[in-house]
Amino acid sequence: MIVNEAAKFRYRSGNEFNCGVRSPYGAVGHGGHYHSQSPESFFCHVPGLKVVIPRSPRQAKGLLLSCIRDPNPVIFFEPKLLYRLSVEEVPEDDYMLPLSEAEVIRQGSDITLIGWGAQLSILEQACDAAAKIQQTSSNFYLALIQEGISCELIDLKTLIPWDKETIESSVRKTGKLLISHEAPVTGGFGAEISASIVERCFLRLEAPIARVCGLDTPFPLVYEQFYLPTMNKILDAIKATVKY
């Protein structure tokens with residue numbers, strides 16, 4: 001119904017009707033095979049749909065109101081982990097946050113990190129840990145110890161249509177890119193971002209684009225922490241990419 005009907009509802013009705021879908025997604029700590037899946041990339045492949053994923057309660061309200069008022073069919077994925085763990089002051093007034101506009105949460109100079117939904121909190125932890133790492137750089141004349149790896153963190157928020165310009169601008173500054181999401185790595189939306197950035201920024205890239213994602217297996221229950229892109233996995237990828 002979502003692929004065959006909802007995605008084409010506005011198009012086939014000649015702009016007479018529209019619709020939207022709210023859906024939970026993602027790891028929750030005990031969801032197992034069915035209730036922890038991240039299917040966002042499936043729907044990103046369907047023409048006609050917009051795909052939006054918030055990272056926090058404040059973002060969720062503003063983005064959801066924008067989705068409701070958007071004339072196009074929108075899928076609004078709600079990270080289940082945020083239902084239980086996220087606490088934030090949310091304005092009671094009516095407000096909207098723009099769709100298809102990524103947000104630079106943290107300025108940095110060494111590497112760009114991209115994520116969406118609940119994965120943003122994991123990426124923030126990795127940024128904090130990376131900032132405490134000592135780097136050693138050398139040339140023919142001297143060796144320097146630099147304090148920390150400076151990560152630029154971006155919340156994509158809208159996956160389709162996504163904000164290529166913000167990502168491109170950041171990658172042209174840092175020369176390195178890491179993408180992280182809970183969905184399996186093969187065919188995940190990180191692959192689309194990676195391909196687009198290579199097309200746009202090939203001559204500015206200083207290292208291969210890194211992807212730290214879920215594994216290509218059904219989502220496990222007791223082995224959830226082995227499956228998920230954890231802070232330590234991301235930190236290892238940051239260090240490897242910066243040192244490339």
# chains A, B, ... in the order shown; residues from 1 in each chain; ligands from 1
>>> residues_around(residues="A:Ala183", least_positions_apart="6", cutoff="8 Å", atoms="only C-alpha atoms", output="list in words")
Gln37, Ser38, Pro39, Glu40, Cys213, Gly214 and Leu215 of chain A
>>> residues_around(residues="A:Glu152", least_positions_apart="3", cutoff="6 Å", atoms="only C-alpha atoms", output="list in words")
Arg106, Gln107, Gly108, Thr112 and Leu113 of chain A
>>> residues_around(residues="A:Pro98", least_positions_apart="5", cutoff="9 Å", atoms="only C-alpha atoms", output="mmCIF file with N, CA and C atoms, in the first residue's frame")
data_model
loop_
_atom_site.group_PDB
_atom_site.id
_atom_site.type_symbol
_atom_site.label_atom_id
_atom_site.label_comp_id
_atom_site.auth_asym_id
_atom_site.auth_seq_id
_atom_site.Cartn_x
_atom_site.Cartn_y
_atom_site.Cartn_z
ATOM 1 N N GLY A 62 8.742 19.548 15.346
ATOM 2 C CA GLY A 62 8.871 20.498 14.243
ATOM 3 C C GLY A 62 8.866 19.837 12.883
ATOM 4 N N LEU A 63 9.557 18.698 12.771
ATOM 5 C CA LEU A 63 9.591 17.995 11.484
ATOM 6 C C LEU A 63 8.254 17.327 11.173
ATOM 7 N N SER A 66 5.861 19.799 9.804
ATOM 8 C CA SER A 66 6.221 20.107 8.413
ATOM 9 C C SER A 66 5.777 18.994 7.478
#
>>> residues_around(residues="A:Asn72", least_positions_apart="3", cutoff="8 Å", atoms="only C-alpha atoms", output="ChimeraX atom specification")
/A:10,18-20,48-50
>>> residues_around(residues="A:Tyr95", least_positions_apart="2", cutoff="12 Å", atoms="only C-alpha atoms", output="list in words")
Arg58, Gln59, Ala60, Lys61, Gly62, Leu63, Leu64, Leu65, Ser66, Cys67, Arg69, Val90, Pro91, Glu92, Asp93, Leu97 and Pro98 of chain A
>>> write_last_selection(atoms="N, CA and C atoms", output="mmCIF file, in the first residue's frame")
data_model
loop_
_atom_site.group_PDB
_atom_site.id
_atom_site.type_symbol
_atom_site.label_atom_id
_atom_site.label_comp_id
_atom_site.auth_asym_id
_atom_site.auth_seq_id
_atom_site.Cartn_x
_atom_site.Cartn_y
_atom_site.Cartn_z
ATOM 1 N N ARG A 58 12.259 17.550 20.325
ATOM 2 C CA ARG A 58 12.058 18.882 19.749
ATOM 3 C C ARG A 58 12.085 18.830 18.222
ATOM 4 N N GLN A 59 13.031 18.085 17.678
ATOM 5 C CA GLN A 59 13.103 17.915 16.232
ATOM 6 C C GLN A 59 11.875 17.166 15.712
ATOM 7 N N ALA A 60 11.431 16.177 16.480
ATOM 8 C CA ALA A 60 10.302 15.352 16.037
ATOM 9 C C ALA A 60 9.043 16.193 15.850
ATOM 10 N N LYS A 61 8.749 17.067 16.799
ATOM 11 C CA LYS A 61 7.538 17.884 16.671
ATOM 12 C C LYS A 61 7.620 18.820 15.469
ATOM 13 N N GLY A 62 8.742 19.548 15.346
ATOM 14 C CA GLY A 62 8.871 20.498 14.243
ATOM 15 C C GLY A 62 8.866 19.837 12.883
ATOM 16 N N LEU A 63 9.557 18.698 12.771
ATOM 17 C CA LEU A 63 9.591 17.995 11.484
ATOM 18 C C LEU A 63 8.254 17.327 11.173
ATOM 19 N N LEU A 64 7.586 16.787 12.201
ATOM 20 C CA LEU A 64 6.301 16.130 11.967
ATOM 21 C C LEU A 64 5.255 17.124 11.477
ATOM 22 N N LEU A 65 5.217 18.314 12.064
ATOM 23 C CA LEU A 65 4.275 19.330 11.601
ATOM 24 C C LEU A 65 4.580 19.743 10.159
ATOM 25 N N SER A 66 5.861 19.799 9.804
ATOM 26 C CA SER A 66 6.221 20.107 8.413
ATOM 27 C C SER A 66 5.777 18.994 7.478
ATOM 28 N N CYS A 67 5.917 17.747 7.929
ATOM 29 C CA CYS A 67 5.500 16.607 7.102
ATOM 30 C C CYS A 67 3.991 16.602 6.899
ATOM 31 N N ARG A 69 2.001 19.093 6.821
ATOM 32 C CA ARG A 69 1.582 20.201 5.952
ATOM 33 C C ARG A 69 2.223 20.157 4.569
ATOM 34 N N VAL A 90 10.240 20.695 24.907
ATOM 35 C CA VAL A 90 9.594 20.870 23.602
ATOM 36 C C VAL A 90 8.612 22.035 23.705
ATOM 37 N N PRO A 91 8.738 23.049 22.859
ATOM 38 C CA PRO A 91 7.812 24.185 22.915
ATOM 39 C C PRO A 91 6.368 23.737 22.699
ATOM 40 N N GLU A 92 5.438 24.354 23.432
ATOM 41 C CA GLU A 92 4.029 24.039 23.256
ATOM 42 C C GLU A 92 3.450 24.723 22.021
ATOM 43 N N ASP A 93 4.085 25.779 21.577
ATOM 44 C CA ASP A 93 3.588 26.514 20.423
ATOM 45 C C ASP A 93 3.768 25.710 19.145
ATOM 46 N N LEU A 97 10.000 22.802 11.331
ATOM 47 C CA LEU A 97 11.398 22.752 10.930
ATOM 48 C C LEU A 97 11.459 22.359 9.456
ATOM 49 N N PRO A 98 12.336 22.991 8.682
ATOM 50 C CA PRO A 98 12.346 22.757 7.236
ATOM 51 C C PRO A 98 12.766 21.340 6.865
#
>>> closest_residue(among="A:Val3, A:Leu159, A:Ala130, A:Leu228", to="A:Val51", atoms="only C-alpha atoms")
A:Leu159
